[in-house]
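What follows is the content of structure_25.txt, which has compact mmCIF, C-alpha atoms:
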# COMPACT_ATOMS: atom_id res chain seq x y z
CA MET A 4 7.53 -4.70 -12.76
CA PRO A 5 7.77 -0.89 -12.54
CA ARG A 6 11.47 0.02 -12.60
CA ASN A 7 13.85 2.81 -13.54
CA ASP A 8 17.56 3.46 -13.11
CA ASP A 9 17.17 3.92 -9.34
CA PHE A 10 14.78 1.26 -8.04
CA MET A 11 12.05 -1.22 -8.83
CA PHE A 12 8.98 -2.54 -7.08
CA TYR A 13 6.32 -5.16 -7.61
CA VAL A 14 3.13 -6.37 -6.00
CA LEU A 15 3.05 -9.82 -4.41
CA LEU A 16 0.07 -12.18 -4.20
CA GLY A 17 0.76 -15.25 -2.11
CA GLY A 18 4.45 -14.39 -2.21
CA GLU A 19 4.60 -14.36 -6.02
CA ALA A 20 5.09 -11.28 -8.19
CA VAL A 21 1.98 -10.21 -10.08
CA ARG A 22 2.35 -10.03 -13.87
CA GLU A 23 2.68 -6.47 -15.14
CA TYR A 24 1.26 -5.06 -18.37
CA GLU A 25 2.15 -1.84 -20.18
CA LYS A 26 -0.12 0.42 -22.20
CA ASP A 27 0.70 3.89 -23.51
CA GLY A 28 3.72 4.15 -21.23
CA LYS A 29 1.80 3.23 -18.07
CA SER A 30 2.09 0.11 -15.92
CA TYR A 31 -0.92 -2.01 -14.94
CA ILE A 32 -1.61 -5.14 -12.93
CA MET A 33 -4.77 -7.19 -12.65
CA THR A 34 -6.78 -7.06 -9.46
CA ASN A 35 -7.45 -10.72 -8.74
CA LEU A 36 -10.41 -11.34 -6.44
CA MET A 37 -10.37 -15.08 -7.23
CA HIS A 38 -6.79 -15.84 -6.20
CA ASP A 39 -5.81 -18.83 -4.07
CA THR A 40 -5.33 -16.41 -1.16
CA THR A 41 -8.70 -14.66 -1.63
CA TYR A 42 -11.15 -15.00 1.24
CA TYR A 43 -14.60 -13.60 2.03
CA GLU A 44 -15.14 -10.85 4.54
CA GLU A 45 -18.51 -9.92 5.99
CA ARG A 46 -19.20 -6.26 5.45
CA VAL A 47 -21.79 -4.33 7.41
CA GLU A 48 -22.79 -1.09 5.72
CA PHE A 49 -25.49 1.49 6.16
CA VAL A 50 -27.32 2.71 3.08
CA ASP A 51 -29.94 5.40 3.70
CA ASP A 52 -29.80 4.45 7.41
CA ARG A 53 -30.59 0.83 6.51
CA GLU A 54 -28.14 -1.84 7.65
CA GLU A 55 -26.93 -4.18 4.92
CA ARG A 56 -24.75 -7.25 5.39
CA GLN A 57 -22.91 -8.99 2.59
CA LYS A 58 -19.86 -11.16 2.07
CA ILE A 59 -17.32 -9.78 -0.35
CA PRO A 60 -14.10 -11.26 -1.76
CA VAL A 61 -10.82 -9.67 -0.64
CA THR A 62 -7.27 -10.53 -1.66
CA PRO A 63 -4.24 -9.73 0.50
CA TYR A 64 -1.14 -8.32 -1.18
CA GLN A 65 2.30 -7.02 -0.31
CA ILE A 66 4.73 -4.57 -1.94
CA ALA A 67 8.38 -5.48 -2.61
CA ILE A 68 10.86 -2.63 -3.21
CA THR A 69 14.54 -2.88 -4.20
CA LEU A 70 17.11 -0.09 -4.50
CA THR A 71 19.02 -1.01 -7.67
CA SER A 72 21.00 2.16 -8.44
CA SER A 73 24.79 2.06 -8.24
CA LYS A 74 24.71 5.79 -7.35
CA TRP A 75 22.88 5.40 -4.04
CA GLN A 76 23.90 3.19 -1.16
CA GLU A 77 20.81 4.15 0.85
CA ALA A 78 17.52 5.87 0.10
CA TRP A 79 14.06 6.47 1.52
CA ALA A 80 10.94 5.20 -0.23
CA ALA A 81 7.61 6.91 0.48
CA VAL A 82 4.72 4.56 -0.29
CA TYR A 83 1.25 5.79 -1.26
CA VAL A 84 -1.83 3.63 -1.84
CA ASP A 85 -4.97 5.12 -3.40
CA GLY A 86 -3.51 8.57 -2.86
CA CYS A 87 -2.88 8.05 0.87
CA PHE A 88 0.60 8.06 2.42
CA VAL A 89 1.18 4.64 3.99
CA LYS A 90 4.77 4.45 5.19
CA ARG A 91 8.31 5.65 4.66
CA VAL A 92 10.81 2.77 4.42
CA PHE A 93 14.60 2.78 4.48
CA LEU A 94 16.30 0.99 1.58
CA ARG A 95 19.84 -0.28 1.17
CA GLN A 96 21.38 -0.94 -2.21
CA GLY A 97 20.49 -4.37 -3.59
CA LYS A 98 18.35 -5.36 -0.59
CA LYS A 99 14.67 -6.15 -1.12
CA PHE A 100 12.22 -4.67 1.38
CA VAL A 101 8.77 -6.24 1.59
CA LEU A 102 6.06 -3.97 2.96
CA LYS A 103 3.48 -6.33 4.43
CA GLY A 104 0.66 -3.92 5.18
CA PHE A 105 -0.56 -0.91 7.13
CA ASN A 106 0.91 -0.04 10.52
CA ASP A 107 -1.86 0.28 13.09
CA GLY A 108 -0.42 1.01 16.50
CA ASP A 109 1.62 -2.06 17.49
CA LYS A 110 0.05 -4.17 14.75
CA ILE A 111 0.47 -4.67 11.02
CA ARG A 112 -2.76 -5.11 9.05
CA GLU A 113 -2.66 -6.62 5.59
CA PHE A 114 -3.24 -4.68 2.39
CA LEU A 115 -6.45 -5.96 0.79
CA PHE A 116 -7.71 -5.58 -2.75
CA SER A 117 -11.45 -5.10 -2.31
CA LEU A 118 -14.50 -3.68 -4.00
CA PRO A 119 -15.21 -0.09 -2.88
CA ARG A 120 -17.49 0.42 0.08
CA PHE A 121 -20.87 2.13 0.23
CA GLY A 122 -20.73 5.60 1.73
CA ARG A 123 -22.91 6.02 4.78
CA ASP A 124 -24.21 9.34 3.43
CA LYS A 125 -23.36 11.88 0.73
CA ASP A 126 -20.58 13.36 2.86
CA ASP A 127 -18.87 10.03 3.54
CA ARG A 128 -16.12 10.38 0.92
CA ILE A 129 -12.34 10.37 0.83
CA GLU A 130 -10.39 13.60 0.46
CA GLU A 131 -10.89 15.29 -2.90
CA ASP A 132 -7.18 15.25 -3.77
CA ARG A 133 -7.13 11.45 -3.35
CA VAL A 134 -10.05 10.60 -5.61
CA ASN A 135 -8.21 10.50 -8.94
CA LYS A 136 -5.48 8.37 -7.36
CA VAL A 137 -7.77 5.49 -6.40
CA GLY A 138 -6.51 2.27 -7.99
CA CYS A 139 -2.87 3.36 -7.95
CA ILE A 140 0.21 2.38 -5.93
CA LEU A 141 2.88 5.10 -6.02
CA ILE A 142 6.41 5.04 -4.63
CA GLU A 143 8.59 8.13 -4.39
CA LEU A 144 12.33 7.53 -3.91
CA LYS A 145 14.09 10.19 -1.88
CA GLU A 146 17.67 10.84 -0.94
CA ALA A 147 18.81 9.51 2.47
CA LYS A 148 21.28 11.94 4.05
CA TYR A 149 23.36 10.79 7.00
CA SER A 150 22.63 12.82 10.14
CA HIS A 151 24.39 11.24 13.11
CA THR A 152 24.67 8.18 15.31
CA GLU A 153 23.44 8.07 18.88
CA MET A 154 22.72 5.62 21.69
CA ARG A 155 19.04 4.87 22.39
CA ASN A 156 17.06 2.50 24.54
CA LYS A 157 16.26 -0.75 22.77
CA ARG A 158 12.60 -0.25 23.61
CA SER A 159 10.85 0.89 20.43
CA GLN A 160 8.13 3.50 20.31
CA SER A 161 4.65 2.47 19.24
CA GLU A 162 3.36 3.54 15.85
CA GLN A 163 0.34 5.79 15.59
CA SER A 164 -3.10 4.27 15.10
CA LEU A 165 -4.06 3.76 11.48
CA ASP A 166 -5.77 6.70 9.79
CA TYR A 167 -6.84 5.36 6.41
CA LYS A 168 -10.23 5.71 4.75
CA GLN A 169 -11.20 3.30 1.98
CA ALA A 170 -12.67 4.80 -1.19
CA THR A 171 -16.44 4.55 -1.67
CA LYS A 172 -18.41 3.56 -4.76
CA LYS A 173 -19.02 7.26 -5.45
CA ASP A 174 -15.30 7.97 -5.19
CA ALA A 175 -14.54 5.13 -7.62
CA SER A 176 -17.18 6.39 -10.06
CA VAL A 177 -15.21 9.64 -10.44
CA VAL A 178 -12.33 7.57 -11.84
CA THR A 179 -14.44 5.18 -13.91
CA LYS A 180 -17.05 7.72 -15.07
CA GLY A 181 -19.50 4.95 -14.15
CA THR A 182 -18.38 2.78 -17.07
CA TYR A 183 -16.65 -0.09 -15.25
CA THR A 184 -16.13 -1.72 -11.85
CA MET A 185 -12.87 -1.10 -10.07
CA ALA A 186 -11.18 -2.32 -6.92
CA THR A 187 -9.72 -0.28 -4.07
CA THR A 188 -7.46 -1.04 -1.12
CA LYS A 189 -8.59 -1.48 2.48
CA PRO A 190 -6.92 -2.64 5.71
CA GLY A 191 -7.47 -6.31 6.55
CA ARG A 192 -6.62 -8.74 9.32
CA CYS A 193 -3.78 -8.29 11.77
CA ILE A 194 -0.87 -10.32 10.39
CA GLU A 195 1.77 -9.28 12.89
CA ASP A 196 1.72 -8.02 16.45
CA LEU A 197 4.84 -5.99 17.12
CA HIS A 198 4.15 -6.14 20.85
CA SER A 199 4.33 -9.93 21.01
CA GLY A 200 7.57 -11.81 21.39
CA GLY A 201 9.08 -9.06 23.50
CA LYS A 202 9.57 -6.67 20.58
CA ARG A 203 8.08 -3.78 22.57
CA GLU A 204 9.31 -4.74 26.02
CA CYS A 205 10.68 -1.99 28.20
CA SER A 206 14.46 -2.10 28.40
CA ASN A 207 17.16 0.21 29.71
CA GLU A 208 19.71 -1.50 27.50
CA LYS A 209 21.22 0.89 24.96
CA GLN A 210 21.89 0.33 21.28
CA LYS A 211 23.63 2.39 18.61
CA VAL A 212 21.18 3.94 16.12
CA THR A 213 22.10 5.71 12.90
CA LEU A 214 19.73 8.50 11.89
CA TRP A 215 19.12 9.51 8.27
CA ASN A 216 17.37 12.66 7.08
CA THR A 217 15.19 12.80 3.98
CA GLY A 218 16.65 14.72 1.05
CA VAL A 219 15.39 15.60 -2.42
CA GLU A 220 13.17 13.37 -4.54
CA LEU A 221 15.24 11.15 -6.84
CA SER A 222 12.53 9.46 -8.90
CA LYS A 223 9.13 7.84 -8.65
CA LEU A 224 7.19 4.91 -10.06
CA ASP A 225 3.57 3.84 -9.99
CA VAL A 226 1.35 0.98 -11.07
CA LYS A 227 -2.39 1.08 -11.62
CA TYR A 228 -4.48 -1.91 -10.61
CA HIS A 229 -7.68 -2.81 -12.46
CA MET A 230 -10.09 -5.69 -12.85
CA ARG A 231 -9.47 -8.09 -15.72
CA HIS A 232 -12.40 -6.89 -17.85
CA THR A 233 -11.14 -3.31 -17.62
CA LEU A 234 -7.67 -4.25 -18.86
CA VAL A 235 -9.20 -6.26 -21.72
CA GLY A 236 -11.39 -3.28 -22.61
CA MET A 237 -8.24 -1.14 -22.82
CA GLY A 238 -6.91 -3.47 -25.48
CA ILE A 239 -4.37 -5.24 -23.26
CA GLU A 240 -3.78 -8.89 -24.19
CA MET A 241 -4.08 -10.80 -20.93
CA LEU A 242 -1.68 -13.67 -20.24
CA GLU A 243 -3.52 -14.97 -17.15
With the file now loaded, output its structure as structure tokens.
Amino acid sequence: MPRNDDFMFYVLLGGEAVREYEKDGKSYIMTNLMHDTTYYEERVEFVDDREERQKIPVTPYQIAITLTSSKWQEAWAAVYVDGCFVKRVFLRQGKKFVLKGFNDGDKIREFLFSLPRFGRDKDDRIEEDRVNKVGCILIELKEAKYSHTEMRNKRSQSEQSLDYKQATKKDASVVTKGTYTMATTKPGRCIEDLHSGGKRECSNEKQKVTLWNTGVELSKLDVKYHMRHTLVGMGIEMLE
């Protein structure tokens, strides 16, 4: 698993940590589109204004992060997937935080390993500064600086709607130079509704809330995810 003196993280498939491989100082995991948790999703795409329907395999995953440093009691972790900021999570020393997926309003939608999508036209691409980060999960650890404590209503505020664009085949080809097939990440099914069970109910009851500001970057880690044949082609001896 990617780790340093400050923190560690790993990718989970079906609740189990994915085996990590190292090559030339970089960390890799295999994108498994034939896992026990893999399912098929119907995709409707438009190619040259022609509608195409196909079923593609997708595999849900989660990200587990643990603050291990003895120097920091608390810290913030900024999570990026395929070059896109996903969420900032608050970590406490020794406590594992499992990020289940994308926040989309009052819902959480699973992270899915998936083949890249077809672009609807030549302009349907992700942002240029994201392209070379496709196939990478990056976590930046930042200092958590105590601000103050205040009383707030127990009613939580809704998250913003999800703004995430999956990489296209043309985007992926920039990374692969057209020499191999790679996976990307896309949002999947709703796995949790934060509005259900009274979690978003209106309440005038107050609770004490501690606020933490974000300080300087402490360290960062990343892992690249590739298909099995790509890792083999890199000379990595696969153990799965």
Can you tell me, as JSON, the centre and edge lengths (Å, one decimal) of the axis-aligned box enclosing all of region 92-108 of chain A's listed atoms after padding each side by 6 Å?
{"center_x": 9.8, "center_y": -1.8, "center_z": 6.5, "size_x": 35.2, "size_y": 21.1, "size_z": 32.1}
* Non-local contacts of Ser222 (chain A) (8 Å; only C-alpha atoms; under 3 positions in same chain excluded) as a PyMOL selection string -> chain A and resi 9+143-145
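From CA of Ile140 (chain A) back to CA of Leu165 (chain A), the distance works out to 18.0 Å.
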Give me the residues of region 143-194 of chain A that have any atom at most 9 Å from an atom of region 212-220 of chain A; for each, the nearest atom pair and the distance in Å, rounded to one decimal. Use all atoms listed in the file, sort by chain and number, and format it as JSON lines.
{"residue": "A:Glu143", "atom": "CA", "partner": "A:Glu220", "partner_atom": "CA", "distance": 7.0}
{"residue": "A:Leu144", "atom": "CA", "partner": "A:Glu220", "partner_atom": "CA", "distance": 5.9}
{"residue": "A:Lys145", "atom": "CA", "partner": "A:Glu220", "partner_atom": "CA", "distance": 4.2}
{"residue": "A:Glu146", "atom": "CA", "partner": "A:Gly218", "partner_atom": "CA", "distance": 4.5}
{"residue": "A:Ala147", "atom": "CA", "partner": "A:Thr217", "partner_atom": "CA", "distance": 5.1}
{"residue": "A:Lys148", "atom": "CA", "partner": "A:Asn216", "partner_atom": "CA", "distance": 5.0}
{"residue": "A:Tyr149", "atom": "CA", "partner": "A:Trp215", "partner_atom": "CA", "distance": 4.6}
{"residue": "A:Ser150", "atom": "CA", "partner": "A:Trp215", "partner_atom": "CA", "distance": 5.2}
{"residue": "A:His151", "atom": "CA", "partner": "A:Leu214", "partner_atom": "CA", "distance": 5.5}
{"residue": "A:Thr152", "atom": "CA", "partner": "A:Thr213", "partner_atom": "CA", "distance": 4.3}
{"residue": "A:Glu153", "atom": "CA", "partner": "A:Val212", "partner_atom": "CA", "distance": 5.5}
{"residue": "A:Met154", "atom": "CA", "partner": "A:Val212", "partner_atom": "CA", "distance": 6.0}
{"residue": "A:Arg155", "atom": "CA", "partner": "A:Val212", "partner_atom": "CA", "distance": 6.7}
* **Residues within 10 Å of Phe12 (chain A), all atoms listed in the file, excluding chain neighbours under 6 positions, as a PyMOL selection string** => chain A and resi 4-6+20+66-70+99-101+141-142+224-226
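Between CA of Lys58 (chain A) and CA of Thr171 (chain A) the separation is 16.5 Å.
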* Asked: Which of these, A:Glu208, A:Tyr228, A:Asp126, A:Leu234, has the shortest distance to Thr34 (chain A) once you count all atoms listed in the file?
  ->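 Counting all atoms listed in the file, the residue closest to Thr34 (chain A) is A:Tyr228.
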Near Ile32 (chain A), within 7 Å and counting only C-alpha atoms, which residues show up once chain neighbours fewer than 4 positions away are dropped, as a compact mmCIF listing (two decimals) with C-alpha atoms, in the frame of the given file?
# COMPACT_ATOMS: atom_id res chain seq x y z
CA VAL A 21 1.98 -10.21 -10.08
CA ARG A 22 2.35 -10.03 -13.87
CA GLU A 23 2.68 -6.47 -15.14
CA TYR A 24 1.26 -5.06 -18.37
CA LYS A 227 -2.39 1.08 -11.62
CA TYR A 228 -4.48 -1.91 -10.61
CA HIS A 229 -7.68 -2.81 -12.46
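Among the candidates A:Arg95, A:Lys168, A:Lys29, A:Lys103, the one nearest to Val82 (chain A) when counting only C-alpha atoms is A:Lys103.
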* Determine the nearest neighbour of Lys125 (chain A) from the options A:Lys173, A:Thr179, A:Thr233, A:Val14, counting all atoms listed in the file. => A:Lys173
* Pick the closest to Ile129 (chain A) from A:Glu113, A:Cys87, A:Leu94, A:Ser164: which is it, counting only C-alpha atoms? ->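 Closest to Ile129 (chain A), using only C-alpha atoms: A:Cys87.
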* Asked: For Ala175 (chain A), which residue among A:Glu77, A:Asp85, A:Glu243, A:Glu48 is the nearest when counting all atoms listed in the file?
  -> A:Asp85
* Nearest to Gln210 (chain A) among A:Asn156, A:Gly122, A:Asp196, A:Glu45, with distances taken over all atoms listed in the file: which residue is it? ->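 Going through A:Asn156, A:Gly122, A:Asp196, A:Glu45 one by one, the smallest distance to Gln210 (chain A) is for A:Asn156.
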* Asked: Just how far from CA of Met230 (chain A) is CA of Thr184 (chain A), in Å to one decimal?
  ->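 CA of Met230 (chain A) lies 7.3 Å from CA of Thr184 (chain A).
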* With a distance cut-off of 10 Å and only C-alpha atoms, select the neighbouring residues of region 190-195 of chain A, excluding the residue or stretch itself and same-chain residues fewer than 3 positions from it, and output the selection as a list in words. =>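 Within the cut-off, the hits are Glu44, Val61, Thr62, Pro63, Lys103, Gly104, Phe105, Asn106, Asp107, Asp109, Lys110, Ile111, Arg112, Glu113, Phe114, Leu115, Phe116, Ser117, Leu165, Tyr167, Lys168, Gln169, His198 and Ser199 of chain A.
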